[in-house]
Amino acid sequence: MFPKENSSNGYHNPPPPPPPPGVGNINSHRERARRGTRRSRASRDSISLRVYDQQQQQQQQRAPCTDFDMAYFHSYAHLGIHEEMIKDRVRTETYREAIMRHQSFIAGKVVVDVGCGTGILAIFCAQAGAKRVYAVDASDIALQANEVVKANNLSDVIVVLHGRVEDVEINEQVDVIISEWMGYMLLYESMLGSVITARDRWLKPGGLILPSNATLYMAPVTHCDRYSGSIDFWRNVYGIDMSAMLSLAKQCAFEEPSVETITGENILTWPHVVKYIDCYSVTIGELETVTTRFKFNSMMRAPLHGFAFWFDVEFNGPAMPQSNYPSSTSFTDNHLVNGSQRKKRINPNEALVLSTAPEDPPTHWQQTLIYFYDPIELEQDQVIEGLVTLTQSKENARFMNIHLEYTSGGRSHIKESVMR
């Protein structure tokens, strides 16, 4: 469905559904007739049925579009969320730099932008010399993206496809996949699955994926101001004892994960790697449940209020051997600090990194905090150990269930929460 080199393509709706069994594809037959084909009607119908069967098999392997998916796509039709992301200069400028650093992989090549939004990354790729860019988005923001493409005279390069990556058709293999798929806590919203689908459907061997890998971290935190402002406030309200509200206040403030900005001063230990993701090899099934055991040694005496999660992504070329990628259980010895795995970047001079760590410039992702209902008083060097399990919700795969088990000072605790 890609256009001729110098033709204007504009905006493309999703293709119509395939015909039911036993009914030939009338439009495709007419097209063949215009091209002067001499196949018999029986031959044409036979071919149509085989194509239909192949399409049916492919569709059965792809995730169905649920009502939750439709609500998710609808939420991204609102301009405000795109404004927030584009105004995040750390995010947007890092992506632009990544595209320009990899211009030799992009110039003259075919690119897919998964979840294109307003089309800004697709336009960056066109500016880097891409031969053709397929900008795919299931949200109605694709309508505006197409207008942006036309306003910038890029309709001969960028094809806007309004539909899910799982459903749209691209009739050629691609050289590059780019996507800003990361959600809060990295895996919230489960958009990485669409990138994997695009990779498996269209990416040429040796093709480029940006970003190339991602790492989710966790660390214990202390945050007295946050706890005091949400909980201790109720102990004395204008001279009135409202401590009867404490239990409800804790539930309201800390039942669900909190997305907020903290600093390095809130972190009590070196971080632990929860999950390392190689975008060239990760599978959809691998993301359904993520479990890791952790062990921390507190670097200071302080109350433990919960755990913080953040991530970084790297933009590396496709030529790096698999053995050079770190994993959540394989790191250099000098980066095993206090029993926690601290990821060593392969070569800071080569790898471009987008980080959401507390010590780095803030982004719209901030950090995700899981607060305890009651803090634990820690001594210096006191051990905190346990496990965390992140699971896609069975109700809605874009939600994330968080199961925390942790032990410190001889006491064990469990915290369950859902990121909605």
# chains A, B, ... in the order shown; residues from 1 in each chain; ligands from 1
>>> select_by_dssp(residues="range 211-317 of chain A", states="strand (DSSP E)", output="PyMOL selection string")
chain A and resi 213-221+258-260+272-278+289-297+302-315
>>> write_last_selection(atoms="N, CA and C atoms", output="CSV table (one decimal), in the first residue's frame")
chain,number,residue,atom,x,y,z
A,213,ASN,N,17.0,-0.9,23.9
A,213,ASN,CA,16.8,-1.6,25.1
A,213,ASN,C,16.4,-0.7,26.2
A,214,ALA,N,15.8,-1.3,27.3
A,214,ALA,CA,15.3,-0.6,28.4
A,214,ALA,C,15.5,-1.3,29.7
A,215,THR,N,15.6,-0.6,30.8
A,215,THR,CA,15.9,-1.2,32.1
A,215,THR,C,15.0,-0.5,33.1
A,216,LEU,N,14.3,-1.4,33.9
A,216,LEU,CA,13.5,-0.9,35.0
A,216,LEU,C,14.2,-1.1,36.3
A,217,TYR,N,14.3,-0.1,37.2
A,217,TYR,CA,15.0,-0.1,38.4
A,217,TYR,C,14.0,0.1,39.6
A,218,MET,N,14.5,-0.3,40.8
A,218,MET,CA,13.7,0.0,42.0
A,218,MET,C,14.7,0.2,43.1
A,219,ALA,N,14.3,1.0,44.1
A,219,ALA,CA,15.2,1.2,45.3
A,219,ALA,C,14.3,1.7,46.4
A,220,PRO,N,14.7,1.4,47.7
A,220,PRO,CA,13.9,1.9,48.9
A,220,PRO,C,14.1,3.4,49.0
A,221,VAL,N,13.0,4.0,49.5
A,221,VAL,CA,13.0,5.5,49.6
A,221,VAL,C,12.6,5.9,51.0
A,258,SER,N,1.9,5.9,43.2
A,258,SER,CA,1.9,7.4,43.1
A,258,SER,C,3.0,7.8,42.1
A,259,VAL,N,2.6,8.6,41.1
A,259,VAL,CA,3.5,9.1,40.2
A,259,VAL,C,3.9,10.5,40.6
A,260,GLU,N,5.2,10.7,41.0
A,260,GLU,CA,5.6,12.0,41.5
A,260,GLU,C,7.1,12.1,41.3
A,272,HIS,N,18.2,-1.6,42.3
A,272,HIS,CA,18.2,-3.0,41.8
A,272,HIS,C,17.5,-3.1,40.5
A,273,VAL,N,18.0,-3.9,39.6
A,273,VAL,CA,17.4,-4.0,38.3
A,273,VAL,C,16.2,-5.0,38.4
A,274,VAL,N,15.1,-4.5,38.1
A,274,VAL,CA,13.9,-5.3,38.1
A,274,VAL,C,13.7,-6.1,36.8
A,275,LYS,N,14.0,-5.4,35.6
A,275,LYS,CA,13.8,-6.1,34.3
A,275,LYS,C,14.7,-5.3,33.3
A,276,TYR,N,15.5,-6.1,32.6
A,276,TYR,CA,16.2,-5.6,31.4
A,276,TYR,C,15.5,-6.1,30.2
A,277,ILE,N,15.2,-5.2,29.2
A,277,ILE,CA,14.5,-5.6,28.0
A,277,ILE,C,15.4,-5.3,26.8
A,278,ASP,N,15.6,-6.3,26.0
A,278,ASP,CA,16.3,-6.2,24.7
A,278,ASP,C,15.2,-6.1,23.6
A,289,THR,N,4.3,-11.3,33.0
A,289,THR,CA,4.7,-11.4,34.4
A,289,THR,C,6.2,-11.2,34.5
A,290,VAL,N,6.6,-10.2,35.4
A,290,VAL,CA,8.0,-9.9,35.7
A,290,VAL,C,8.2,-10.1,37.2
A,291,THR,N,9.1,-10.9,37.6
A,291,THR,CA,9.4,-11.2,39.0
A,291,THR,C,10.9,-11.1,39.2
A,292,THR,N,11.2,-10.5,40.3
A,292,THR,CA,12.6,-10.4,40.7
A,292,THR,C,12.7,-10.4,42.3
A,293,ARG,N,13.8,-11.0,42.8
A,293,ARG,CA,14.1,-10.9,44.2
A,293,ARG,C,15.1,-9.8,44.4
A,294,PHE,N,15.0,-9.1,45.5
A,294,PHE,CA,15.9,-8.0,45.8
A,294,PHE,C,16.4,-8.1,47.2
A,295,LYS,N,17.6,-7.5,47.4
A,295,LYS,CA,18.2,-7.4,48.7
A,295,LYS,C,19.0,-6.1,48.8
A,296,PHE,N,18.6,-5.2,49.7
A,296,PHE,CA,19.2,-3.9,49.9
A,296,PHE,C,19.8,-3.8,51.3
A,297,ASN,N,20.9,-3.0,51.4
A,297,ASN,CA,21.4,-2.6,52.6
A,297,ASN,C,21.3,-1.1,52.7
A,302,ALA,N,17.2,6.0,58.7
A,302,ALA,CA,16.1,6.8,58.2
A,302,ALA,C,14.8,5.9,58.2
A,303,PRO,N,13.7,6.6,58.2
A,303,PRO,CA,12.4,5.8,58.0
A,303,PRO,C,12.3,5.3,56.6
A,304,LEU,N,11.9,4.1,56.4
A,304,LEU,CA,11.6,3.5,55.1
A,304,LEU,C,10.1,3.7,54.8
A,305,HIS,N,9.8,4.5,53.7
A,305,HIS,CA,8.4,4.8,53.4
A,305,HIS,C,7.9,4.0,52.3
A,306,GLY,N,8.8,3.4,51.5
A,306,GLY,CA,8.3,2.6,50.4
A,306,GLY,C,9.4,2.3,49.4
A,307,PHE,N,9.0,2.0,48.1
A,307,PHE,CA,10.0,1.8,47.0
A,307,PHE,C,9.6,2.7,45.9
A,308,ALA,N,10.7,3.1,45.2
A,308,ALA,CA,10.5,3.9,44.0
A,308,ALA,C,11.0,3.1,42.8
A,309,PHE,N,10.3,3.3,41.7
A,309,PHE,CA,10.6,2.7,40.4
A,309,PHE,C,10.9,3.7,39.3
A,310,TRP,N,11.9,3.5,38.5
A,310,TRP,CA,12.1,4.3,37.4
A,310,TRP,C,12.8,3.5,36.3
A,311,PHE,N,13.1,4.1,35.2
A,311,PHE,CA,13.7,3.4,34.1
A,311,PHE,C,14.6,4.3,33.2
A,312,ASP,N,15.4,3.6,32.4
A,312,ASP,CA,16.1,4.3,31.3
A,312,ASP,C,16.0,3.5,30.1
A,313,VAL,N,16.2,4.1,28.9
A,313,VAL,CA,16.2,3.4,27.7
A,313,VAL,C,17.5,3.9,26.9
A,314,GLU,N,18.0,3.0,26.1
A,314,GLU,CA,19.2,3.3,25.3
A,314,GLU,C,18.9,3.2,23.9
A,315,PHE,N,19.7,4.0,23.1
A,315,PHE,CA,19.5,4.0,21.6
A,315,PHE,C,20.8,3.6,21.0
>>> residues_around(residues="range 137-147 of chain A", least_positions_apart="5", cutoff="8 Å", atoms="only C-alpha atoms", output="number ranges by chain")
A: 10-11, 73-79, 114-119, 160-165
>>> write_last_selection(atoms="C-alpha atoms", output="short mmCIF file (atom, residue, chain, number, x, y, z; two decimals), in the first residue's frame")
data_model
loop_
_atom_site.label_atom_id
_atom_site.label_comp_id
_atom_site.auth_asym_id
_atom_site.auth_seq_id
_atom_site.Cartn_x
_atom_site.Cartn_y
_atom_site.Cartn_z
CA GLY A 10 -2.15 11.69 2.31
CA TYR A 11 -4.04 9.80 4.96
CA PHE A 73 -6.87 4.86 22.16
CA HIS A 74 -9.63 7.38 22.78
CA SER A 75 -7.66 8.90 25.67
CA TYR A 76 -4.80 9.64 23.29
CA ALA A 77 -7.11 11.59 20.97
CA HIS A 78 -6.92 14.50 23.43
CA LEU A 79 -4.25 17.02 22.57
CA VAL A 114 4.62 2.88 16.20
CA GLY A 115 2.13 5.08 18.05
CA CYS A 116 3.02 8.21 16.09
CA GLY A 117 0.75 10.62 17.97
CA THR A 118 1.13 14.07 16.40
CA GLY A 119 3.73 12.68 14.00
CA VAL A 160 -0.23 8.10 8.13
CA LEU A 161 -2.03 4.84 8.93
CA HIS A 162 -5.01 5.14 11.27
CA GLY A 163 -5.29 1.80 13.03
CA ARG A 164 -3.55 -0.66 15.31
CA VAL A 165 -0.15 -2.03 14.34
#
>>> closest_residue(among="A:Leu208, A:Val136, A:Ala130, A:Met242", to="Glu169 in chain A", atoms="only C-alpha atoms")
A:Val136
>>> residues_around(residues="Glu395 in chain A", least_positions_apart="2", cutoff="12 Å", atoms="only C-alpha atoms", output="ChimeraX atom specification")
/A:66-69,391-393,397-401,418,420
>>> write_last_selection(atoms="N, CA and C atoms", output="mmCIF file, in the first residue's frame")
data_model
loop_
_atom_site.group_PDB
_atom_site.id
_atom_site.type_symbol
_atom_site.label_atom_id
_atom_site.label_comp_id
_atom_site.auth_asym_id
_atom_site.auth_seq_id
_atom_site.Cartn_x
_atom_site.Cartn_y
_atom_site.Cartn_z
ATOM 1 N N THR A 66 -9.909 -4.856 22.365
ATOM 2 C CA THR A 66 -10.946 -4.906 23.390
ATOM 3 C C THR A 66 -11.554 -3.525 23.626
ATOM 4 N N ASP A 67 -12.619 -3.484 24.420
ATOM 5 C CA ASP A 67 -13.208 -2.205 24.814
ATOM 6 C C ASP A 67 -12.206 -1.366 25.600
ATOM 7 N N PHE A 68 -11.356 -2.034 26.403
ATOM 8 C CA PHE A 68 -10.334 -1.311 27.151
ATOM 9 C C PHE A 68 -9.322 -0.677 26.198
ATOM 10 N N ASP A 69 -8.990 -1.410 25.125
ATOM 11 C CA ASP A 69 -8.081 -0.845 24.131
ATOM 12 C C ASP A 69 -8.698 0.390 23.482
ATOM 13 N N THR A 391 2.451 -7.862 37.066
ATOM 14 C CA THR A 391 1.637 -8.720 36.212
ATOM 15 C C THR A 391 0.619 -7.887 35.459
ATOM 16 N N GLN A 392 0.467 -8.170 34.166
ATOM 17 C CA GLN A 392 -0.607 -7.529 33.427
ATOM 18 C C GLN A 392 -1.946 -7.961 34.004
ATOM 19 N N SER A 393 -2.816 -7.003 34.239
ATOM 20 C CA SER A 393 -4.126 -7.305 34.793
ATOM 21 C C SER A 393 -4.933 -8.174 33.837
ATOM 22 N N ALA A 397 -5.287 -5.637 30.212
ATOM 23 C CA ALA A 397 -3.846 -5.884 30.098
ATOM 24 C C ALA A 397 -3.028 -4.605 30.158
ATOM 25 N N ARG A 398 -3.677 -3.449 29.978
ATOM 26 C CA ARG A 398 -2.949 -2.185 30.061
ATOM 27 C C ARG A 398 -2.774 -1.726 31.502
ATOM 28 N N PHE A 399 -3.504 -2.341 32.442
ATOM 29 C CA PHE A 399 -3.288 -2.106 33.867
ATOM 30 C C PHE A 399 -2.194 -3.042 34.361
ATOM 31 N N MET A 400 -1.604 -2.707 35.501
ATOM 32 C CA MET A 400 -0.522 -3.523 36.038
ATOM 33 C C MET A 400 -0.754 -3.814 37.518
ATOM 34 N N ASN A 401 -0.762 -5.101 37.855
ATOM 35 C CA ASN A 401 -0.844 -5.527 39.255
ATOM 36 C C ASN A 401 0.564 -5.588 39.833
ATOM 37 N N VAL A 418 -2.590 -1.792 42.379
ATOM 38 C CA VAL A 418 -2.885 -1.855 40.948
ATOM 39 C C VAL A 418 -2.637 -0.489 40.349
ATOM 40 N N ARG A 420 -3.663 1.762 37.555
ATOM 41 C CA ARG A 420 -4.755 1.896 36.596
ATOM 42 C C ARG A 420 -4.583 3.137 35.735
#
>>> closest_residue(among="A:Pro205, A:Gly229, A:Gly108, A:Gly183", to="Gln366 in chain A", atoms="only C-alpha atoms")
A:Gly183
>>> residues_around(residues="Asp374 in chain A", least_positions_apart="2", cutoff="12 Å", atoms="only C-alpha atoms", output="compact mmCIF listing (two decimals) with C-alpha atoms, in the first residue's frame")
# COMPACT_ATOMS: atom_id res chain seq x y z
CA THR A 222 12.50 7.77 52.57
CA CYS A 224 9.18 12.32 55.40
CA TYR A 227 4.20 11.19 54.62
CA SER A 228 3.78 14.15 56.93
CA ILE A 231 -0.87 11.49 57.05
CA ASP A 232 0.48 13.42 60.02
CA LEU A 246 -5.55 8.36 59.85
CA SER A 247 -6.58 4.92 58.62
CA ALA A 249 -5.96 8.91 54.98
CA LYS A 250 -3.38 6.14 54.58
CA GLN A 251 -5.70 4.17 52.33
CA ALA A 253 -2.90 8.36 49.90
CA PHE A 254 -1.04 5.09 49.53
CA GLU A 255 -3.40 2.38 48.27
CA PRO A 303 12.43 5.78 58.05
CA LEU A 304 11.63 3.55 55.06
CA HIS A 305 8.44 4.81 53.42
CA GLY A 306 8.31 2.59 50.36
CA ILE A 370 4.75 2.34 46.15
CA TYR A 371 4.22 3.68 49.66
CA PHE A 372 3.75 1.60 52.81
CA ILE A 376 9.78 1.13 58.96
CA GLU A 377 12.59 2.64 61.02
CA HIS A 413 5.05 -7.41 55.00
CA LYS A 415 1.70 -4.80 49.74
>>> select_by_dssp(residues="range 188-326 of chain A", states="alpha helix (DSSP H)", output="VMD selection string")
chain A and resid 192 to 202 224 to 230 246 to 254
>>> closest_residue(among="A:Ile414, A:Cys279, A:Ile240, A:Leu390", to="Ser194 in chain A", atoms="only C-alpha atoms")
A:Cys279
>>> residues_around(residues="Arg301 in chain A", least_positions_apart="2", cutoff="7 Å", atoms="only C-alpha atoms", output="tab-separated table (two decimals) with N, CA and C atoms, in the first residue's frame")
chain	number	residue	atom	x	y	z
A	378	LEU	N	14.69	2.30	59.89
A	378	LEU	CA	15.88	1.57	59.49
A	378	LEU	C	17.12	2.10	60.19
A	379	GLU	N	18.02	1.18	60.51
A	379	GLU	CA	19.36	1.54	60.95
A	379	GLU	C	20.30	1.48	59.75
A	380	GLN	N	21.43	2.14	59.85
A	380	GLN	CA	22.40	2.05	58.77
A	380	GLN	C	22.85	0.60	58.58
>>> closest_atom_pairs(of="range 83-138 of chain A", to="range 351-356 of chain A", cutoff="10 Å", atoms="only C-alpha atoms", output="tab-separated table")
residue	atom	partner	partner_atom	distance
A:Val90	CA	A:Leu354	CA	7.4
A:Arg91	CA	A:Leu354	CA	6.9
A:Thr92	CA	A:Leu354	CA	9.8
A:Glu93	CA	A:Leu354	CA	9.7
A:Thr94	CA	A:Leu354	CA	6.5
A:Tyr95	CA	A:Leu354	CA	8.4
A:Glu97	CA	A:Leu352	CA	8.4
A:Ala98	CA	A:Leu352	CA	6.8
A:Arg101	CA	A:Leu352	CA	8.9
>>> write_last_selection(atoms="C-alpha atoms", output="PDB file, in the first residue's frame")
ATOM      1  CA  VAL A  90      14.441  15.594  27.814  1.00  0.00           C
ATOM      2  CA  ARG A  91      12.208  13.096  26.018  1.00  0.00           C
ATOM      3  CA  THR A  92      11.734  14.872  22.708  1.00  0.00           C
ATOM      4  CA  GLU A  93      15.276  16.169  22.229  1.00  0.00           C
ATOM      5  CA  THR A  94      16.768  12.781  23.140  1.00  0.00           C
ATOM      6  CA  TYR A  95      14.634  11.120  20.460  1.00  0.00           C
ATOM      7  CA  GLU A  97      19.310  13.271  18.774  1.00  0.00           C
ATOM      8  CA  ALA A  98      18.920   9.488  18.521  1.00  0.00           C
ATOM      9  CA  ARG A 101      22.940   9.893  15.429  1.00  0.00           C
TER      10      ARG A 101
END
>>> atom_distance(atom1="CA of Asn396 in chain A", atom2="CA of Tyr72 in chain A")
10.4 Å
